[in-house]
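Okay, entry.cif now, which holds mmCIF, C-alpha atoms:
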```cif
data_coords
#
loop_
_atom_site.label_atom_id
_atom_site.label_comp_id
_atom_site.auth_asym_id
_atom_site.auth_seq_id
_atom_site.Cartn_x
_atom_site.Cartn_y
_atom_site.Cartn_z
CA MET M 1 104.53 132.24 105.97
CA THR M 2 101.23 130.35 106.14
CA ILE M 3 99.88 128.82 102.98
CA THR M 4 96.14 128.41 102.84
CA SER M 5 94.03 126.59 100.31
CA ASP M 6 90.54 126.77 98.96
CA ALA M 7 90.10 123.02 99.24
CA PRO M 8 86.47 121.88 99.09
CA SER M 9 84.68 120.80 102.24
CA SER M 10 84.03 117.13 102.86
CA ALA M 11 80.39 117.49 101.84
CA GLY M 12 79.50 114.97 99.15
CA LEU M 13 82.51 112.73 99.66
CA ILE M 14 80.33 109.70 100.34
CA ASP M 15 78.86 110.00 96.84
CA ARG M 16 82.20 109.94 95.05
CA PRO M 17 83.05 106.91 92.90
CA ALA M 18 85.08 104.11 94.42
CA SER M 19 88.86 104.00 94.11
CA VAL M 20 91.20 101.29 92.82
CA LEU M 21 90.93 99.56 96.21
CA THR M 22 87.64 98.04 95.07
CA PRO M 23 87.42 95.07 92.67
CA GLN M 24 87.77 96.25 89.08
CA PRO M 25 88.57 94.61 85.74
CA GLY M 26 92.30 94.19 85.32
CA LEU M 27 93.06 93.96 89.04
CA PRO M 28 93.83 90.63 90.72
CA GLN M 29 90.90 89.04 92.49
CA PRO M 30 90.68 86.50 95.32
CA PRO M 31 90.35 82.99 93.87
CA VAL M 32 86.88 81.47 93.90
CA GLY M 33 85.52 78.00 93.20
CA LEU M 34 88.54 76.13 94.54
CA SER M 35 88.21 72.53 95.67
CA ILE M 36 88.30 71.92 99.41
CA LYS M 37 91.81 70.52 99.06
CA ASP M 38 93.12 73.53 97.12
CA GLU M 39 91.36 76.03 99.41
CA ARG M 40 92.86 74.36 102.47
CA LEU M 41 96.35 74.49 100.96
CA LEU M 42 95.89 78.15 100.02
CA ARG M 43 94.78 79.04 103.54
CA LYS M 44 97.71 77.19 105.10
CA ARG M 45 100.20 78.81 102.74
CA GLU M 46 98.83 82.27 103.48
CA LEU M 47 98.94 81.51 107.20
CA ALA M 48 102.59 80.41 107.04
CA ALA M 49 103.52 83.43 104.90
CA SER M 50 101.71 85.76 107.32
CA LEU M 51 103.58 84.32 110.28
CA ARG M 52 106.90 84.73 108.46
CA LEU M 53 106.00 88.38 107.83
CA PHE M 54 105.26 88.80 111.53
CA GLY M 55 108.68 87.35 112.28
CA LYS M 56 110.34 89.65 109.76
CA PHE M 57 108.64 92.71 111.26
CA GLY M 58 109.63 91.78 114.81
CA PHE M 59 106.16 90.98 116.13
CA GLY M 60 107.35 87.94 118.03
CA GLU M 61 107.88 88.19 121.80
CA GLY M 62 109.18 84.93 123.20
CA VAL M 63 106.40 82.35 123.02
CA ALA M 64 103.58 84.92 122.73
CA GLY M 65 101.52 85.39 119.59
CA HIS M 66 99.22 83.25 117.50
CA MET M 67 97.29 83.28 114.27
CA THR M 68 94.49 81.00 113.12
CA VAL M 69 92.63 80.25 109.92
CA ARG M 70 89.38 78.31 109.77
CA ASP M 71 89.41 74.97 107.93
CA PRO M 72 87.32 75.28 104.73
CA GLU M 73 85.62 71.91 105.22
CA VAL M 74 85.12 71.50 108.97
CA HIS M 75 84.26 75.00 110.09
CA ASP M 76 84.67 74.41 113.82
CA GLU M 77 88.31 73.39 113.30
CA PHE M 78 91.17 75.72 112.50
CA TRP M 79 94.87 75.80 111.68
CA VAL M 80 97.25 77.49 114.08
CA ASN M 81 100.97 77.97 114.62
CA PRO M 82 102.49 75.57 117.19
CA PHE M 83 103.49 76.83 120.63
CA ILE M 84 107.16 77.60 121.25
CA LYS M 85 108.14 77.94 117.59
CA SER M 86 109.49 81.17 116.14
CA PHE M 87 107.41 82.98 113.55
CA LYS M 88 110.62 83.23 111.55
CA SER M 89 110.87 79.49 110.99
CA ILE M 90 107.22 78.48 110.50
CA ARG M 91 106.54 76.21 107.51
CA VAL M 92 103.24 74.98 106.12
CA SER M 93 104.09 71.52 107.46
CA ASP M 94 104.44 72.92 111.00
CA LEU M 95 100.84 74.12 111.25
CA LEU M 96 98.47 72.32 113.59
CA ARG M 97 94.81 71.52 112.96
CA VAL M 98 92.82 71.80 116.18
CA ASP M 99 89.18 71.64 117.22
CA HIS M 100 87.31 73.94 119.60
CA SER M 101 88.18 71.72 122.56
CA GLY M 102 91.88 72.41 121.95
CA ARG M 103 92.64 68.89 120.79
CA VAL M 104 95.37 68.58 118.13
CA LEU M 105 93.90 66.63 115.21
CA GLU M 106 96.77 66.95 112.76
CA GLY M 107 100.41 67.92 113.07
CA GLU M 108 103.03 67.63 115.76
CA GLY M 109 103.31 70.07 118.61
CA THR M 110 101.29 71.72 121.36
CA VAL M 111 98.78 74.57 121.34
CA ASN M 112 99.27 77.90 123.09
CA LEU M 113 96.44 77.72 125.63
CA ALA M 114 95.96 81.51 125.70
CA GLY M 115 95.83 81.57 121.92
CA PHE M 116 93.37 78.70 121.88
CA TYR M 117 90.88 80.40 124.19
CA ILE M 118 91.04 83.76 122.40
CA HIS M 119 90.70 82.27 118.94
CA SER M 120 88.28 79.46 119.69
CA GLU M 121 85.80 81.83 121.33
CA LEU M 122 86.22 84.36 118.53
CA HIS M 123 85.66 81.77 115.80
CA LYS M 124 82.66 80.44 117.69
CA ALA M 125 81.08 83.89 118.08
CA ARG M 126 81.88 85.07 114.56
CA PRO M 127 81.16 82.42 111.88
CA ASP M 128 82.01 85.05 109.25
CA VAL M 129 85.62 85.31 110.45
CA VAL M 130 88.01 83.05 108.56
CA ALA M 131 91.25 84.17 110.21
CA ALA M 132 92.42 86.02 113.31
CA ALA M 133 95.78 87.36 114.47
CA HIS M 134 97.14 88.46 117.84
CA THR M 135 100.74 89.12 118.81
CA HIS M 136 102.53 91.29 121.35
CA SER M 137 103.86 93.94 119.00
CA ILE M 138 105.63 96.94 120.54
CA HIS M 139 103.43 99.82 119.42
CA GLY M 140 100.23 97.84 119.81
CA ARG M 141 101.16 97.11 123.41
CA THR M 142 102.04 100.76 123.97
CA LEU M 143 98.70 101.97 122.61
CA SER M 144 96.87 99.32 124.63
CA SER M 145 98.50 100.57 127.82
CA LEU M 146 96.67 103.85 127.22
CA GLY M 147 93.35 102.11 126.61
CA MET M 148 93.17 104.08 123.37
CA GLY M 149 91.94 103.19 119.91
CA ILE M 150 93.17 104.21 116.46
CA ARG M 151 92.16 107.78 115.70
CA PRO M 152 91.41 108.99 112.13
CA ILE M 153 94.48 111.21 111.89
CA ASN M 154 95.60 110.01 108.47
CA GLN M 155 94.41 108.04 105.46
CA ASP M 156 95.69 104.68 106.67
CA ALA M 157 94.25 105.08 110.15
CA ALA M 158 90.80 105.79 108.70
CA ALA M 159 90.66 102.16 107.53
CA PHE M 160 89.83 101.39 111.18
CA TYR M 161 87.35 104.23 111.67
CA GLU M 162 84.31 102.95 113.59
CA ASP M 163 85.52 99.45 112.72
CA HIS M 164 87.56 98.46 115.76
CA ALA M 165 86.73 97.94 119.40
CA ILE M 166 88.47 98.57 122.70
CA TYR M 167 88.40 95.77 125.23
CA ASP M 168 88.70 97.97 128.32
CA PHE M 169 89.53 95.22 130.78
CA TYR M 170 92.44 92.91 131.36
CA GLY M 171 91.81 89.62 133.10
CA GLY M 172 95.38 88.33 132.99
CA PRO M 173 96.89 85.92 130.45
CA ALA M 174 94.00 84.45 128.49
CA GLY M 175 94.63 80.87 129.59
CA TYR M 176 91.02 80.36 130.53
CA ARG M 177 87.77 80.46 128.58
CA ASP M 178 86.17 83.45 130.33
CA GLU M 179 88.77 85.88 129.04
CA GLY M 180 88.35 84.59 125.50
CA GLU M 181 84.59 85.06 125.79
CA ARG M 182 84.98 88.62 127.07
CA ILE M 183 87.36 89.50 124.24
CA SER M 184 85.07 88.09 121.55
CA THR M 185 82.10 89.95 123.07
CA ALA M 186 84.04 93.22 123.09
CA LEU M 187 85.10 92.70 119.47
CA GLY M 188 81.47 92.48 118.38
CA GLN M 189 81.17 92.86 114.61
CA SER M 190 84.36 94.91 114.24
CA LYS M 191 87.37 93.65 112.30
CA ALA M 192 89.90 94.55 115.00
CA ALA M 193 90.31 95.40 118.66
CA VAL M 194 92.74 97.02 121.04
CA LEU M 195 93.02 94.77 124.10
CA GLN M 196 93.78 97.05 127.04
CA ASN M 197 97.11 96.26 128.75
CA HIS M 198 97.63 93.49 126.21
CA GLY M 199 97.91 94.33 122.50
CA LEU M 200 96.10 94.18 119.16
CA LEU M 201 93.71 91.65 117.64
CA THR M 202 92.62 91.57 113.99
CA THR M 203 90.36 89.40 111.86
CA GLY M 204 89.72 88.80 108.19
CA GLN M 205 88.16 86.73 105.44
CA SER M 206 91.59 85.22 104.79
CA ALA M 207 94.87 84.84 106.64
CA GLY M 208 96.30 87.54 104.40
CA GLU M 209 93.56 89.98 105.30
CA ALA M 210 93.93 89.42 109.05
CA ALA M 211 97.70 89.79 108.70
CA TRP M 212 97.39 93.01 106.69
CA TRP M 213 95.06 94.58 109.25
CA PHE M 214 97.47 93.65 112.02
CA ILE M 215 100.48 95.10 110.20
CA ALA M 216 98.51 98.24 109.30
CA MET M 217 97.12 98.65 112.80
CA GLU M 218 100.56 98.28 114.38
CA ARG M 219 101.95 100.97 112.06
CA CYS M 220 98.98 103.24 112.71
CA ALA M 221 99.62 102.87 116.43
CA GLN M 222 103.26 103.81 115.89
CA VAL M 223 102.36 106.92 113.88
CA GLN M 224 99.67 107.97 116.34
CA LEU M 225 102.00 107.67 119.31
CA ALA M 226 104.67 109.69 117.49
CA ALA M 227 102.13 112.35 116.51
CA MET M 228 100.85 112.60 120.09
CA ALA M 229 104.41 112.98 121.37
CA ALA M 230 105.03 115.80 118.87
CA GLY M 231 101.80 117.71 119.43
CA THR M 232 98.04 117.43 119.02
CA PRO M 233 97.07 115.30 116.02
CA ILE M 234 94.37 116.70 113.72
CA GLU M 235 91.51 114.26 113.22
CA MET M 236 89.35 113.98 110.12
CA ASP M 237 85.72 114.95 110.36
CA HIS M 238 83.18 112.11 110.46
CA GLU M 239 82.16 112.28 106.81
CA THR M 240 85.71 112.32 105.50
CA ALA M 241 86.76 109.47 107.81
CA THR M 242 83.71 107.45 106.77
CA PHE M 243 84.45 107.97 103.09
CA THR M 244 88.11 107.06 103.57
CA HIS M 245 87.15 103.95 105.53
CA ARG M 246 84.94 102.86 102.66
CA GLU M 247 87.88 103.25 100.30
CA ASN M 248 90.67 101.74 102.43
CA GLY M 249 88.91 99.59 104.98
CA SER M 250 87.30 96.86 102.88
CA SER M 251 88.15 93.18 102.85
CA TYR M 252 89.29 93.48 99.25
CA ALA M 253 91.54 96.46 100.06
CA ALA M 254 93.34 94.34 102.65
CA TRP M 255 93.55 91.31 100.34
CA LEU M 256 95.09 93.49 97.62
CA SER M 257 97.44 95.35 99.97
CA ILE M 258 99.07 92.19 101.34
CA ARG M 259 99.98 90.88 97.85
CA PRO M 260 103.33 92.73 97.54
CA LEU M 261 104.35 91.59 101.04
CA PHE M 262 103.52 87.99 100.18
CA ASP M 263 105.55 88.28 96.97
CA ASP M 264 108.52 89.62 98.93
CA ILE M 265 108.47 86.98 101.68
CA LEU M 266 108.08 84.13 99.17
CA ARG M 267 111.12 85.36 97.23
CA GLU M 268 113.16 85.78 100.41
CA GLN M 269 112.00 82.64 102.25
CA PRO M 270 110.57 80.06 99.82
CA ASP M 271 111.12 77.31 102.39
CA LEU M 272 107.95 78.47 104.20
CA LEU M 273 105.95 76.48 101.63
CA ASP M 274 107.55 73.19 102.71
#
```
Represent the supplied structure as structure tokens.
Amino acid sequence: MTITSDAPSSAGLIDRPASVLTPQPGLPQPPVGLSIKDERLLRKRELAASLRLFGKFGFGEGVAGHMTVRDPEVHDEFWVNPFIKSFKSIRVSDLLRVDHSGRVLEGEGTVNLAGFYIHSELHKARPDVVAAAHTHSIHGRTLSSLGMGIRPINQDAAAFYEDHAIYDFYGGPAGYRDEGERISTALGQSKAAVLQNHGLLTTGQSAGEAAWWFIAMERCAQVQLAAMAAGTPIEMDHETATFTHRENGSSYAAWLSIRPLFDDILREQPDLLD
């Protein structure tokens, strides 16, 4: 038996009031007015917590994967996880402060050269980006092998609607500046990208936001691949996808969505703050 509905068309959706995923009284808000010292500590803590989440979710692949957050005082320097250290064991004290030449200014360890060129060129091209994440997650790599983006086949996927790019070239491991430049150019003003034959890349106004978009994008890739294997996924129309993106795809929506995951990882692994 087929059940039909008299559901309204998508006409007028754009004019509907905003949902709880927009800042409202009573909801937590990102901190503002912090001193440079406190803002730096917050960014480093969120970076370490994000990397621990990546480790928990199995996003590590040997020595591959990196995440950066811009320093709040010296904007052409950023904090990054050290090369050859598991996401699962990253602490705040392990993070390295580097400049755009790849020189380690603070901390002990070496920099992943591929990560340096991707992130340094991205941060240079996009002064608005505070944090960026790239790892070799399983479903992201699978989607990238198809040269395919995230389609608006469900509510969560619509957060990326017309807000992610496809870098449709692969120049080998990004251990040279040209590949980093090409990736940052392909990203444009989007918050995320599928790097063909490589994986996923996400950005944000905080480490937590970049981490949330990566986690969400990886899961969207997993669902999309499963749906494609089962049949032909039904995509939203443009207006509905646009409305849903406005609701679920904002910087604040990501900041809010990562809060429960941060709470969980801090309870489970409080040593990450060391």
Once the PyMOL selection byres ((chain M and resi 111-118) around 8) has been evaluated on this model, what residues remain selected, and can you format them as an mmCIF file with C-alpha atoms, keeping the file's coordinate frame?
```
data_model
loop_
_atom_site.group_PDB
_atom_site.id
_atom_site.type_symbol
_atom_site.label_atom_id
_atom_site.label_comp_id
_atom_site.auth_asym_id
_atom_site.auth_seq_id
_atom_site.Cartn_x
_atom_site.Cartn_y
_atom_site.Cartn_z
ATOM 1 C CA GLY M 65 101.520 85.390 119.590
ATOM 2 C CA HIS M 66 99.220 83.250 117.500
ATOM 3 C CA MET M 67 97.290 83.280 114.270
ATOM 4 C CA VAL M 80 97.250 77.490 114.080
ATOM 5 C CA ASN M 81 100.970 77.970 114.620
ATOM 6 C CA PRO M 82 102.490 75.570 117.190
ATOM 7 C CA PHE M 83 103.490 76.830 120.630
ATOM 8 C CA GLY M 102 91.880 72.410 121.950
ATOM 9 C CA VAL M 104 95.370 68.580 118.130
ATOM 10 C CA GLY M 109 103.310 70.070 118.610
ATOM 11 C CA THR M 110 101.290 71.720 121.360
ATOM 12 C CA HIS M 119 90.700 82.270 118.940
ATOM 13 C CA SER M 120 88.280 79.460 119.690
ATOM 14 C CA GLU M 121 85.800 81.830 121.330
ATOM 15 C CA LEU M 122 86.220 84.360 118.530
ATOM 16 C CA PRO M 173 96.890 85.920 130.450
ATOM 17 C CA ALA M 174 94.000 84.450 128.490
ATOM 18 C CA GLY M 175 94.630 80.870 129.590
ATOM 19 C CA TYR M 176 91.020 80.360 130.530
ATOM 20 C CA ARG M 177 87.770 80.460 128.580
ATOM 21 C CA GLU M 179 88.770 85.880 129.040
ATOM 22 C CA GLY M 180 88.350 84.590 125.500
ATOM 23 C CA GLU M 181 84.590 85.060 125.790
ATOM 24 C CA ILE M 183 87.360 89.500 124.240
ATOM 25 C CA SER M 184 85.070 88.090 121.550
#
```
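Minimum atom-to-atom distances from M:Val130, M:Ile150, M:Leu47, M:Val63 to Arg91 of chain M were compared using only C-alpha atoms, and the lowest value belongs to M:Leu47.
All residues that come within 9 Å of the coordinates (108.7, 97.9, 120.8), counting all atoms listed in the file, are given as Gly58, Phe59, Ser137, Ile138, His139, Gly140, Arg141 and Thr142 of chain M.
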May I have the protein, DNA and RNA residues with any atom at most 12 Å from the point (83.3, 81.3, 114.7), counting all atoms listed in the file, written as an NGL selection string? :M and (68-71 or 74-78 or 99-100 or 118-132 or 181 or 184 or 188-189 or 203-205)
Output check: residues returned by the PyMOL selection byres ((chain M and resi 233-241) around 7), as a ChimeraX atom specification: /M:10,13,151-153,158,161,227-228,231-232,242-245
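Proximity ranking of M:Ala49, M:Pro72, M:Leu95, M:Val194 relative to Lys37 of chain M places M:Pro72 first, based on only C-alpha atoms.
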Write out as a list of chain:residue names each polymer residue whose atoms come within 8 Å of Ala64 of chain M, counting only C-alpha atoms; drop sequence neighbours fewer than 3 positions from it. M:Gly60, M:Glu61, M:Thr135, M:His136
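Across the structure, atom CA of Ala157 of chain M and atom CA of Gly62 of chain M are spaced 28.3 Å apart.
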Report as a PyMOL selection string the residues that result from applying the PyMOL selection byres ((chain M and resi 260-270) around 9) to the structure here. chain M and resi 46+49-50+52-53+56+208+256-259+271-274
